[in-house]
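Here is the structure we will look at.
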Amino acid sequence: MLIANVHLARIVRPTLNRHLLLALGAAVVLVAISEQIGAYDDYNLTAVAIFAVAAAGLTLLTGLNGQLSLGHGALMAVGAYTASLLLKDHQLPVVVVLLLAVLTTGIVGIIFGYAAARLRGPYLAGATLSLAVALPQIATRYKNIFGGDAGLSVPASAPPAWLGADFPPERWLAWIALAAALVTMVLLGNVLHSSVGRSFIAVRDNEAAAALAGIDVARTQVLAFVISASCAGLAGALFGYWSGVTAPAGFGLGLSLQLITAIVIGGLGSLAGAVWGSIVLVFVPSLTSGMASSLNVPSSVANNVPLAIYGATLVIAMLVAPHGIQGALKRLLALARARWGHSPASGKKGVMDWDDPAPGP
Amino acid sequence: MKSRINGSASGMRGIAIVCLTGLLLAACGTSTANNSGTNTASAPGITATDITIGSTQPLTGRAAPGYSEIAPASNAYFVYLNQHGGVYGRKILYEYADDGYNPTNTASLTRKLILETKVFAMFSALGTPTHLSVIDYINSEKVPDVFVSSGCNCWNNVSKYPYTFGFQPDYTIEGKILAQYIQQNLNGKKVGYFYQNDEFGLDGVKGLDAQLGASSVPSGSRQYYSPGPTSVASQISALQAAGVQVVVSFSIPAYTALALLAAAKYGYHPTWVVSNVGSDITTLTGLLKQFSQGAVGGQLLGGMVTDTYLPLVGDSSNAWITLFKRIHDQIIPGLPWDGNVLYGMVQAYTMAQALKAAGRNPTRASFVKTLESTKLSGGPGLVPFGYASDNHLGYLGVQVAIIAADGTESTTGPVYTSSDSGPISQYSGSASSPPTNGIP
């Protein structure tokens with residue numbers, strides 16, 4: 001036991017240090033950026049951070065543990081409704097609200113994770129899909145608690161007094177969301193580099209082999225689901241603060257599909273990919289929504305244009321960059337290295353193997 | 001990009017200077033708004049040459065049929081207004097964004113309009129659930145939020161939402177006046193309700209119950225729907241089973257059409273009494289044809305009772321209708337000429353009236369003050385607005401109208417006004433006629 005602990009410490013500590021340093025650097029850069037940009041850009045930056053939290057959780061589940069979830073939008077709804085209900089009658093600090101949202105969604109994740117661990121492939125996709133379709137209906141059905149279609153309003157979190165009276169609330173929210181995203185990334189980064197992360201990958205690659213190696217497959221899958229759901233819950237609560245309202249229409253199937261799109265376009269199984277995907281997620285719709293209404297087509301067509309664009313983006317991304325943005329970046333980096341000297345292993349200068357298998361997480 | 005602190009500080013300074021100038025002028029004995037002089041950038045969204053206003057509208061999604069015409073129609077009037085000199089020489093630029101009737105989209109688009117586009121005011125933002133999601137935010141930013149396209153009585157809350165103003169009669173008033181018509185003309189028949197299960201439908205039911213007595217309609221005769229991909233067949237057959245002879249429907253057009261089709265399918269022929277927002281003839285005829293694949297159309301609308309607070313869209317003898325129809329034919333000939341287009345144009349005309357009344361160089365605060373102190377009379381409405389310092393209600397009442405079997409609509413009886421809790425009274429004011437060039 002002691003030996004195991006020492007062993008664990010030797011692996012985790014340098015990783016943790018590296019991740020903490022990275023996060024600290026990112027925090028400094030992001031705060032500097034948020035100071036320079038306008039309120040609306042801060043608002044969009046917040047959205048990127050929120051989606052990054054949810055997408056990071058999903059990429060851990062789907063990319064590393066091999067469980068496809070079409071229900072993460074609904075898990076975000078659990079977090080958002082938890083936050084809204086808490087804030088309905090009480091004034092609670094943001095941190096408390098976020099932690100309770102994580103806790104609630106984590107519990108839902110345990111329940112659903114057990115069901116998910118018994119299902120494979122399309123059956124799992126179907127079960128999580130039902131979550132995405134059914135959960136928002138609860139809000140409409142129990143109107144007195146959840147506010148029906150109009151939803152529940154989420155009071156804004158006012159910037160603390162020491163930041164000054166003129167401090168823009170959008171920037172304050174951006175800071176909260178960025179802090180949450182960085183904490184999530186550090187924690188998930190460490191999970192990935194620990195034995196837990198390796199067992200996730202082992203289960204994804206071959207369940208029988210993983211079981212033979214002494215890994216409890218079902219428990220590993222439930223754990224992945226719970227971690228992933230908690231991230232979705234955190235993102236959902238932040239989403240509530242961000243939009244100022246928690247309404248069923250905001251958490252439809254579209255949101256779940258957007259998250260999938262984000263992790264695939266960004267690069268499945270990679271935390272950096274989750275961030276790239278979130279950036280795409282926030283900035284592409286603002287381009288497409290105007291397009292849909294300016295196209296002079298019947299409403300039945302225009303309604304589906306944004307989703308069709310997502311689909312097309314996904315198809316094109318799969319054809320052009322099958323390993324997503326992160327994969328493409330890694331390749332470009334490798335290409336550059338191969339061209340200008342520092343070729344890593346092959347030693348063949350100027351040669352690039354485009355059929356190289358997927359870059360690791 | 002410029003930092004927000006600097007931007008707002010200089011903005012505040014500008015506002016302060018304008019306010020001070022205004023105060024000094026007032027002190028010097030100028031009694032009305034300062035209309036002479038030159039145009040200045042007196043408020044966010046106002047420059048020497050133009051005024052930018054914004055809106056969120058369901059251009060796509062389930063509320064789009066019919067309602068998607070409103071913003072283009074308002075815009076057409078603004079284009080006409082701009083061609084004829086605008087307001088104090090300023091052009092009105094109207095930025096409307098598509099929220100798909102999704103409150104979450106409304107929330108982010110409204111922030112975009114206020115923070116990035118920097119609109120002077122929100123205008124005609126459509127929908128009860130959608131606009132409820134941003135009303136707190138808009139008021140916390142102190143942005144005028146005028147002529148909300150929804151009859152929810154939630155917009156009339158002066159102490160909580162000092163910047164928000166309603167437009168059409170609220171659904172409770174409408175429910176009361178429709179119920180009075182039923183008492184007077186369909187007395188003794190069994191009444192049932194079909195309504196949207198949100199503030200829209202519930203406010204309407206509140207008015208109906210206030211007039212008819214809540215106990216006169218048993219719970220089996222109260223059927224509701226939640227907007228979404230849903231069928232209304234079970235609700236309609238429940239009304240039929242309960243022997244309901246008069247169905248009062250507080251529904252948006254798509255669900256009015258679905259309800260009429262379901263009733264026709266079951267051979268159920270009650271008298272339909274449909275709220276103004278769910279009864280536009282052109283929109284309903286189109287939807288009926290679409291949903292029934294061309295099997296039925298406008299013939300299902302014969303005998304429908306509804307109400308109006310504007311001149312009837314088919315009344316070509318009315319000078320307002322001729323004016324707006326002319327603008328429609330010139331600028332947006334691709335859209336049908338229907339109640340939604342008329343609604344959008346009347347809102348735009350009212351906005352032009354309000355901006356003119358606010359003087360040459362208004363601020364956001366002075367604009368709101370003007371709305372509270374001016375009645376905006378002389379417009380197309382059949383009824384006066386309720387705007388005052390303690391009341392942000394729009395049109396105060398309606399006149400009942402009936403759709404004939406041939407699809408023509410005609411008003412019946414006097415124009416009535418009311419309030420949420422007060423009695424119904426007959427309005428005796430006479431209709432106005434438009435200025436010759438169509439510009440207030």
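Each chain in the structure tokens gets a letter, A, B and so on, in the order shown; residues start at 1 in every chain, and ligands are counted from 1 in the order they appear.
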> When the cut-off is 6 Å and we count only C-alpha atoms, which residues of chain A are near chain B, given as a ChimeraX atom specification?
Replying inline: /A:36-38,40,150,243,245,249-250,299,303
Generate the output file for the selected residues, C-alpha atoms, as a JSON list (two decimals), in the first residue's frame.
```json
[["chain", "number", "residue", "atom", "x", "y", "z"],
["A", 36, "GLN", "CA", -8.95, 44.14, -23.33],
["A", 37, "ILE", "CA", -12.12, 43.03, -25.10],
["A", 38, "GLY", "CA", -15.62, 44.52, -24.98],
["A", 40, "TYR", "CA", -20.10, 41.27, -25.70],
["A", 150, "ALA", "CA", -40.71, 30.29, -19.95],
["A", 243, "SER", "CA", -28.22, 33.20, -20.30],
["A", 245, "VAL", "CA", -32.80, 31.89, -17.86],
["A", 249, "ALA", "CA", -35.94, 24.90, -25.18],
["A", 250, "GLY", "CA", -32.34, 25.78, -24.29],
["A", 299, "SER", "CA", -39.64, 28.27, -42.88],
["A", 303, "ASN", "CA", -35.63, 25.97, -39.50]]
```
>> Please extract the residues of range 15-117 of chain B with a backbone DSSP assignment of alpha helix (DSSP H) and present them as an NGL selection string.
In response: :B and (15-27 or 64-67 or 70-83 or 103-111)
> What is the distance between CA of Ser74 in chain B and CA of Tyr88 in chain B, in Å to one decimal?
Replying inline: 18.9 Å
> What gap, in Å, lies between CA of His90 in chain A and CA of Gly164 in chain A?
Replying inline: 24.6 Å
> Can you tell me how far CA of Gly192 in chain B sits from CA of Ser221 in chain B, in Å to one decimal?
Replying inline: 4.6 Å
>> Env of Ser421 in chain B: 10 Å cut, atoms = only C-alpha atoms, seq-sep filter 5 positions within chain, self excluded. Answer as JSON, numbers by chain.
In response: {"B": [172, 173, 176, 207, 210]}
Give me the residues within 12 Å of Thr308 in chain B as an mmCIF file with N, CA and C atoms, in the first residue's frame, counting only C-alpha atoms and dropping any in the same chain fewer than 6 places off.
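The file below, selection-v3.cif, is the result:
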```cif
data_model
loop_
_atom_site.group_PDB
_atom_site.id
_atom_site.type_symbol
_atom_site.label_atom_id
_atom_site.label_comp_id
_atom_site.auth_asym_id
_atom_site.auth_seq_id
_atom_site.Cartn_x
_atom_site.Cartn_y
_atom_site.Cartn_z
ATOM 1 N N GLN B 168 -50.243 45.505 -27.275
ATOM 2 C CA GLN B 168 -51.632 45.149 -27.527
ATOM 3 C C GLN B 168 -52.375 45.000 -26.202
ATOM 4 N N PRO B 169 -53.728 44.978 -26.257
ATOM 5 C CA PRO B 169 -54.481 44.807 -25.015
ATOM 6 C C PRO B 169 -54.044 43.519 -24.341
ATOM 7 N N GLU B 174 -58.731 41.102 -22.954
ATOM 8 C CA GLU B 174 -59.315 40.478 -24.138
ATOM 9 C C GLU B 174 -60.292 39.367 -23.732
ATOM 10 N N ILE B 177 -63.622 40.811 -22.442
ATOM 11 C CA ILE B 177 -64.514 41.371 -23.458
ATOM 12 C C ILE B 177 -65.102 40.259 -24.336
ATOM 13 N N LEU B 178 -64.289 39.228 -24.637
ATOM 14 C CA LEU B 178 -64.823 38.082 -25.391
ATOM 15 C C LEU B 178 -65.909 37.377 -24.576
ATOM 16 N N VAL B 274 -61.870 32.982 -30.836
ATOM 17 C CA VAL B 274 -60.411 32.869 -30.832
ATOM 18 C C VAL B 274 -59.773 34.231 -30.552
ATOM 19 N N SER B 275 -58.790 34.222 -29.680
ATOM 20 C CA SER B 275 -58.114 35.474 -29.334
ATOM 21 C C SER B 275 -57.466 36.087 -30.579
ATOM 22 N N ASN B 276 -57.288 37.374 -30.538
ATOM 23 C CA ASN B 276 -56.756 38.109 -31.691
ATOM 24 C C ASN B 276 -55.482 37.504 -32.253
ATOM 25 N N VAL B 277 -54.518 37.144 -31.385
ATOM 26 C CA VAL B 277 -53.219 36.679 -31.888
ATOM 27 C C VAL B 277 -53.305 35.342 -32.613
ATOM 28 N N GLY B 278 -54.385 34.583 -32.379
ATOM 29 C CA GLY B 278 -54.471 33.262 -33.002
ATOM 30 C C GLY B 278 -55.489 33.192 -34.109
ATOM 31 N N SER B 279 -55.934 34.343 -34.652
ATOM 32 C CA SER B 279 -57.089 34.310 -35.549
ATOM 33 C C SER B 279 -56.865 35.007 -36.889
ATOM 34 N N ASP B 280 -55.627 35.291 -37.259
ATOM 35 C CA ASP B 280 -55.423 35.979 -38.538
ATOM 36 C C ASP B 280 -55.862 35.085 -39.702
ATOM 37 N N GLY B 339 -52.987 40.419 -41.198
ATOM 38 C CA GLY B 339 -53.006 41.075 -39.897
ATOM 39 C C GLY B 339 -51.627 41.229 -39.275
ATOM 40 N N LEU B 342 -49.980 44.232 -40.921
ATOM 41 C CA LEU B 342 -50.613 45.441 -40.384
ATOM 42 C C LEU B 342 -50.094 45.741 -38.976
ATOM 43 N N TYR B 343 -50.022 44.700 -38.157
ATOM 44 C CA TYR B 343 -49.557 44.836 -36.776
ATOM 45 C C TYR B 343 -48.149 45.440 -36.738
ATOM 46 N N PRO B 380 -53.386 54.664 -35.558
ATOM 47 C CA PRO B 380 -54.382 53.819 -36.213
ATOM 48 C C PRO B 380 -55.323 53.061 -35.268
ATOM 49 N N GLY B 381 -54.958 52.938 -33.981
ATOM 50 C CA GLY B 381 -55.709 52.072 -33.069
ATOM 51 C C GLY B 381 -57.156 52.490 -32.899
ATOM 52 N N LEU B 382 -58.043 51.501 -32.644
ATOM 53 C CA LEU B 382 -59.451 51.797 -32.377
ATOM 54 C C LEU B 382 -59.637 52.267 -30.943
ATOM 55 N N VAL B 383 -58.669 51.949 -30.099
ATOM 56 C CA VAL B 383 -58.755 52.240 -28.666
ATOM 57 C C VAL B 383 -57.515 53.030 -28.249
ATOM 58 N N TYR B 395 -52.746 49.158 -25.760
ATOM 59 C CA TYR B 395 -54.147 49.378 -26.094
ATOM 60 C C TYR B 395 -55.041 48.853 -24.974
ATOM 61 N N LEU B 396 -56.073 49.621 -24.642
ATOM 62 C CA LEU B 396 -56.848 49.312 -23.439
ATOM 63 C C LEU B 396 -58.060 48.422 -23.692
ATOM 64 N N GLY B 397 -58.326 48.070 -24.949
ATOM 65 C CA GLY B 397 -59.511 47.256 -25.175
ATOM 66 C C GLY B 397 -59.595 46.758 -26.596
ATOM 67 N N VAL B 398 -60.755 46.179 -26.930
ATOM 68 C CA VAL B 398 -60.944 45.589 -28.260
ATOM 69 C C VAL B 398 -62.391 45.769 -28.716
ATOM 70 N N GLN B 399 -62.604 45.489 -30.003
ATOM 71 C CA GLN B 399 -63.937 45.403 -30.554
ATOM 72 C C GLN B 399 -64.097 43.981 -31.092
ATOM 73 N N VAL B 400 -65.254 43.373 -30.847
ATOM 74 C CA VAL B 400 -65.465 41.999 -31.311
ATOM 75 C C VAL B 400 -65.659 42.000 -32.830
ATOM 76 N N ALA B 401 -65.131 40.960 -33.479
ATOM 77 C CA ALA B 401 -65.272 40.837 -34.929
ATOM 78 C C ALA B 401 -65.682 39.408 -35.263
ATOM 79 N N ILE B 402 -66.361 39.262 -36.395
ATOM 80 C CA ILE B 402 -66.841 37.933 -36.802
ATOM 81 C C ILE B 402 -66.364 37.647 -38.221
ATOM 82 N N ILE B 403 -65.891 36.403 -38.404
ATOM 83 C CA ILE B 403 -65.442 35.992 -39.736
ATOM 84 C C ILE B 403 -66.607 35.278 -40.423
ATOM 85 N N GLU B 409 -64.145 39.598 -42.790
ATOM 86 C CA GLU B 409 -64.262 39.844 -41.361
ATOM 87 C C GLU B 409 -64.977 41.170 -41.159
ATOM 88 N N SER B 410 -65.881 41.231 -40.181
ATOM 89 C CA SER B 410 -66.523 42.517 -39.908
ATOM 90 C C SER B 410 -66.681 42.694 -38.409
ATOM 91 N N THR B 411 -66.565 43.946 -37.966
ATOM 92 C CA THR B 411 -66.679 44.217 -36.537
ATOM 93 C C THR B 411 -68.142 44.269 -36.161
ATOM 94 N N THR B 412 -68.390 44.034 -34.886
ATOM 95 C CA THR B 412 -69.770 44.069 -34.405
ATOM 96 C C THR B 412 -69.803 44.691 -33.013
ATOM 97 N N GLY B 413 -70.814 45.485 -32.748
ATOM 98 C CA GLY B 413 -70.970 46.108 -31.433
ATOM 99 C C GLY B 413 -69.967 47.219 -31.206
ATOM 100 N N PRO B 414 -70.043 47.836 -30.033
ATOM 101 C CA PRO B 414 -69.149 48.961 -29.743
ATOM 102 C C PRO B 414 -67.730 48.517 -29.394
ATOM 103 N N VAL B 415 -66.812 49.494 -29.318
ATOM 104 C CA VAL B 415 -65.454 49.249 -28.835
ATOM 105 C C VAL B 415 -65.504 49.303 -27.306
ATOM 106 N N TYR B 416 -64.886 48.323 -26.672
ATOM 107 C CA TYR B 416 -64.889 48.296 -25.212
ATOM 108 C C TYR B 416 -63.477 48.471 -24.674
ATOM 109 N N THR B 417 -63.368 49.114 -23.537
ATOM 110 C CA THR B 417 -62.087 49.171 -22.834
ATOM 111 C C THR B 417 -62.279 48.586 -21.448
#
```
>> Just want the 10 Å neighbourhood of range 137-140 of chain A, counted on only C-alpha atoms, with same-chain residues fewer than 3 positions away dropped. Output as a list of chain:residue names.
In response: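 The neighbour list is A:Ala77, A:Tyr81, A:Ala132, A:Val133, A:Ala134, A:Lys143, A:Asn144, A:Ile145, A:Phe146, A:Gly147, A:Gly148, A:Asp149, A:Ala150, A:Gly151, A:Leu152, A:Thr246, A:Ala247, A:Pro248, A:Ala249, A:Gly252, B:Asn197, B:Asp198, B:Ser226, B:Pro227, B:Gly228.
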List the spatial neighbours of Asn153 in chain B as a PDB file with C-alpha atoms, in the first residue's frame - criterion: any atom at most 9 Å away, only C-alpha atoms, same-chain residues fewer than 6 positions off excluded.
```pdb
ATOM      1  CA  GLY B 166     -46.698  46.643 -23.566  1.00  0.00           C
ATOM      2  CA  PRO B 169     -54.481  44.807 -25.015  1.00  0.00           C
ATOM      3  CA  ASP B 170     -53.442  42.283 -22.410  1.00  0.00           C
ATOM      4  CA  TYR B 171     -54.981  38.836 -22.690  1.00  0.00           C
ATOM      5  CA  THR B 172     -56.984  39.267 -19.486  1.00  0.00           C
ATOM      6  CA  GLU B 199     -48.818  33.157 -19.319  1.00  0.00           C
ATOM      7  CA  PHE B 200     -50.539  33.773 -22.651  1.00  0.00           C
ATOM      8  CA  ASP B 203     -53.945  35.305 -18.564  1.00  0.00           C
ATOM      9  CA  LEU B 393     -50.322  48.918 -20.616  1.00  0.00           C
ATOM     10  CA  ASP B 420     -57.336  43.646 -15.405  1.00  0.00           C
TER      11      ASP B 420
END
```
>> Set the distance at 6 Å and use only C-alpha atoms: which residues neighbour range 73-76 of chain A once local chain neighbours fewer than 4 positions away are removed? I'd like the list as an MDAnalysis selection string.
In response: chainID A and resid 132 232:233 236 251 255:256
Residues of the last selection are to be written out with N, CA and C atoms, as a CSV table (one decimal), in the first residue's frame.
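Produced file out30.csv, reproduced below:
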```csv
chain,number,residue,atom,x,y,z
A,132,ALA,N,-32.2,12.9,-23.4
A,132,ALA,CA,-32.2,14.3,-24.0
A,132,ALA,C,-33.6,14.7,-24.4
A,232,ALA,N,-20.9,18.2,-17.0
A,232,ALA,CA,-22.1,18.7,-17.7
A,232,ALA,C,-22.9,19.6,-16.7
A,233,GLY,N,-23.0,19.1,-15.4
A,233,GLY,CA,-23.7,19.8,-14.4
A,233,GLY,C,-23.1,21.2,-14.1
A,236,GLY,N,-23.8,23.3,-17.0
A,236,GLY,CA,-25.2,23.7,-17.0
A,236,GLY,C,-25.5,24.9,-16.1
A,251,PHE,N,-32.2,23.4,-23.8
A,251,PHE,CA,-31.5,22.2,-23.5
A,251,PHE,C,-32.1,21.0,-24.3
A,255,LEU,N,-28.7,20.8,-28.4
A,255,LEU,CA,-27.5,21.0,-27.5
A,255,LEU,C,-26.6,19.8,-27.4
A,256,SER,N,-27.2,18.6,-27.1
A,256,SER,CA,-26.5,17.4,-27.0
A,256,SER,C,-25.7,17.1,-28.3
```
